[in-house]
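Taking it in order: structure first as structure tokens, then the write-up.
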Amino acid sequence: MAADGIFLATPDAPAEGIRLAVKDLLDTAGLTTTYGSAVFADHVPSRSAEAVVRLEAAGYANVGKTNLHEFAYGTTSENAHFGTVPNPVAAGRIAGGSSGGSAAALAAGLADAALGTDSGGSIRIPSACCGTVGFKPTYDLVSIVGCFPLAPSFDHVGPMARDVAGCVAQLEALVTDFTRSSLASLEEVSVAVAWVDDADPLVAAQVQAAAACFPRLQSVDWPRPNVDTLFMHEVADVHRELYPENAELYSEEVAEKIERCLAVSDAEATMAARHRDEYREQCETLLDGYDLLITPTLSCVAPPVGIGDLALRGTLVRNTLPFNTLGWPALAFPCGPAEDGLPASIQLVGRSGADALVLAAAERLATALSAA
């Protein structure tokens with residue numbers, strides 16, 4: 001597949017190594033880094049993001065900066081400045097956002113590994129839409145130095161690949177003291193499952209079938225957080241000076257969202273921060289007795305292009321934003337064809353710090369599904 005709409009900049013002569021696509025929210029020395037915005041259309045950093053430096057030192061070679069939703073603030077990767085990211089597995093459907101270009105590069109065979117960022121689902125949503133694997137690590141496990149912020153206490157950098165092993169290999173390079181784990185059997189873990197009944201019928205069926213690979217499985221009633229105003233207040237802080245000075249360079253859609261964010265009061269954000277603390281305590285209690293939580297990554301397959309983020313955002317972040325709120329590790333993994341023959345995705349979630357367990361369970365699940 002051609003790289004049109006997927007890459008925003010490519011090196012003149014890529015180095016030898018594992019082909020790495022880098023979301024254009026992460027700085028790359030000497031290579032244009034736009035953050036998906038016309039404001040930074042000519043921005044060329046002098047230093048690379050820490051995550052890029054670590055992967056390049058481990059033998060990965062940057063083959064291009066991938067297109068994304070403007071300022072990473074969106075779920076569709078329909079970028080008014082740089083074009084819509086195509087979905088290589090579903091023509092006419094969104095690639096998901098905001099790391100849409102990274103997932104598309106993997107699905108199109110243009111890269112073997114990719115870096116993404118995830119503030120409300122931005123690694124997992126495009127992975128689900130494009131039938132690839134994406135991992136949001138525990139909050140602050142992977143350095144965000146050199147990454148343009150969206151909502152700092154929700155922001156994560158993480159690996160994307162075509163299989164779980166590819167994410168594990170990247171995480172070993174990204175985190176100095178990360179040690180991979182393994183499971184002899186899925187019987188070793190106790191799993192809670194939630195939100196399956198909220199999904200479209202075929203997505204629900206595929207997620208339920210994949211979850212059934214875990215013998216020790218029980219349905220739970222898992223809550224969702226009420227933190228929108230906290231997220232928006234943090235976005236506002238990032239753009240509080242930049243937006244007034246450059247408003248004409250923001251797309252209409254993102255400008256509308258930024259103006260909504262700027263209207264959030266300190267008191268509203270403080271109340272939402274208290275809700276987050278309560279939500280964290282509630283979820284820790286709910287997961288007591290379980291090792292992992294399983295949900296659909298998305299309740300639907302990739303929606304058609306043209307609906308827009310303002311209409312889709314609530315639906316697409318519904319199952320992903322909770323784990324940015326918690327800072328827990330969460331992985332999106334394709335689990336079979338669903339509506340319109342497009343991929344469904346299952347989400348595996350662990351407690352903070354349980355990254356190795358989530359990845360080990362996902363690798364064992366991949367083996368089980370491939371043998372089914």
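Here, A, B, ... name the chains of the structure tokens in the order displayed, residue numbers run from 1 inside each chain, and ligands are numbered from 1 in the same displayed order.
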
Each residue of range 73-184 of chain A with at least one atom at most 7 Å from range 14-19 of chain A should appear once, together with its nearest atom pair and the corresponding distance in Å (one decimal); atoms considered: only C-alpha atoms; ordering: chain, then increasing residue number; output as JSON lines.
```
{"residue": "A:Ala111", "atom": "CA", "partner": "A:Arg19", "partner_atom": "CA", "distance": 4.9}
{"residue": "A:Asp112", "atom": "CA", "partner": "A:Arg19", "partner_atom": "CA", "distance": 5.2}
{"residue": "A:Ala113", "atom": "CA", "partner": "A:Arg19", "partner_atom": "CA", "distance": 6.3}
```

- Task: Please provide as a VMD selection string all residues within 9 Å of Phe214 in chain A, with the sequence filter that same-chain residues fewer than 3 positions apart are discarded (counting only C-alpha atoms).
- Result: chain A and resid 185 to 191 210 to 211 217 365

- Task: Using backbone DSSP assignments, extract all helix (DSSP H, G or I) residues from range 16-245 of chain A; output them as a PyMOL selection string.
- Result: chain A and resi 38-40+50-57+70-72+100-107+124-130+164-174+186-188+196-198+201-211+228-239+242-245

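Near range 21-30 of chain A, within 6 Å and counting only C-alpha atoms, sit Tyr35, Val44, Pro45, Ser46, Arg47, Ser48, Ala49, Asn62, Val63, Gly64, Lys65, Thr66, Ser102, Ala111, Ala114, Leu115, Gly116, Gly146, Cys147 and Phe148 of chain A; same-chain residues fewer than 5 positions away were not included.
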
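Across A:Ala13, A:Val145, A:Cys129, A:Ala194, the tightest approach to Ala51 in chain A is made by A:Val145 when counting only C-alpha atoms.
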
With only C-alpha atoms counted and 12 Å as the cut-off, give the residues of range 38-57 of chain A in contact with range 77-98 of chain A, each with its shortest interatomic distance in Å and the pair that gives it, as CSV.
```
residue,atom,partner,partner_atom,distance
A:Ala38,CA,A:His81,CA,6.4
A:Val39,CA,A:His81,CA,10.1
A:Phe40,CA,A:His81,CA,11.0
A:Ala41,CA,A:His81,CA,9.2
```

Keeping only N, CA and C atoms, write the selected residues as a PDB file, in the first residue's frame.
```pdb
ATOM      1  N   ALA A  38      -0.834  22.686  11.857  1.00  0.00           N
ATOM      2  CA  ALA A  38      -0.261  23.694  10.965  1.00  0.00           C
ATOM      3  C   ALA A  38       0.619  24.682  11.727  1.00  0.00           C
ATOM      4  N   VAL A  39       0.396  24.810  13.021  1.00  0.00           N
ATOM      5  CA  VAL A  39       1.215  25.712  13.836  1.00  0.00           C
ATOM      6  C   VAL A  39       2.682  25.298  13.775  1.00  0.00           C
ATOM      7  N   PHE A  40       2.916  23.977  13.708  1.00  0.00           N
ATOM      8  CA  PHE A  40       4.278  23.438  13.743  1.00  0.00           C
ATOM      9  C   PHE A  40       4.669  22.790  12.406  1.00  0.00           C
ATOM     10  N   ALA A  41       4.083  23.264  11.331  1.00  0.00           N
ATOM     11  CA  ALA A  41       4.314  22.642  10.017  1.00  0.00           C
ATOM     12  C   ALA A  41       5.778  22.635   9.621  1.00  0.00           C
TER      13      ALA A  41
END
```

- Task: Compile the contact shell of range 337-353 of chain A as an MDAnalysis selection string: residues with an atom at most 7 Å away, counting only C-alpha atoms, same-chain residues fewer than 4 positions apart removed.
- Result: chainID A and resid 128:129 131 138 202:203 206:207 291:298 301 327:333 358

Emit the selected residues as a JSON list (two decimals), in the first residue's frame, including C-alpha atoms.
```
[["chain", "number", "residue", "atom", "x", "y", "z"],
["A", 128, "ALA", "CA", -8.57, -1.93, 17.13],
["A", 129, "CYS", "CA", -9.63, -0.19, 13.91],
["A", 131, "GLY", "CA", -6.48, -5.03, 13.38],
["A", 138, "THR", "CA", 1.49, 1.84, 33.23],
["A", 202, "LEU", "CA", -20.48, -9.70, 16.43],
["A", 203, "VAL", "CA", -17.88, -7.70, 18.37],
["A", 206, "GLN", "CA", -15.69, -12.44, 19.28],
["A", 207, "VAL", "CA", -14.61, -10.85, 22.55],
["A", 291, "ASP", "CA", -5.37, -10.73, 38.09],
["A", 292, "LEU", "CA", -6.75, -9.08, 34.95],
["A", 293, "LEU", "CA", -9.77, -7.33, 33.53],
["A", 294, "ILE", "CA", -11.01, -8.01, 29.98],
["A", 295, "THR", "CA", -13.29, -5.76, 27.93],
["A", 296, "PRO", "CA", -13.92, -5.05, 24.26],
["A", 297, "THR", "CA", -11.40, -2.40, 23.16],
["A", 298, "LEU", "CA", -14.19, -0.76, 21.15],
["A", 301, "VAL", "CA", -15.70, -1.97, 14.37],
["A", 327, "GLY", "CA", -2.90, 4.79, 34.76],
["A", 328, "TRP", "CA", -3.17, 0.99, 34.43],
["A", 329, "PRO", "CA", -1.56, -1.02, 31.61],
["A", 330, "ALA", "CA", -3.97, -1.98, 28.82],
["A", 331, "LEU", "CA", -3.45, -3.84, 25.57],
["A", 332, "ALA", "CA", -5.60, -4.01, 22.44],
["A", 333, "PHE", "CA", -5.47, -7.29, 20.51],
["A", 358, "VAL", "CA", -0.74, -8.24, 30.72]]
```

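Using only C-alpha atoms, the shortest contact distance between Thr315 in chain A and any of A:Asp198, A:Asp163, A:Glu50, A:Asp118 is found at A:Asp198.
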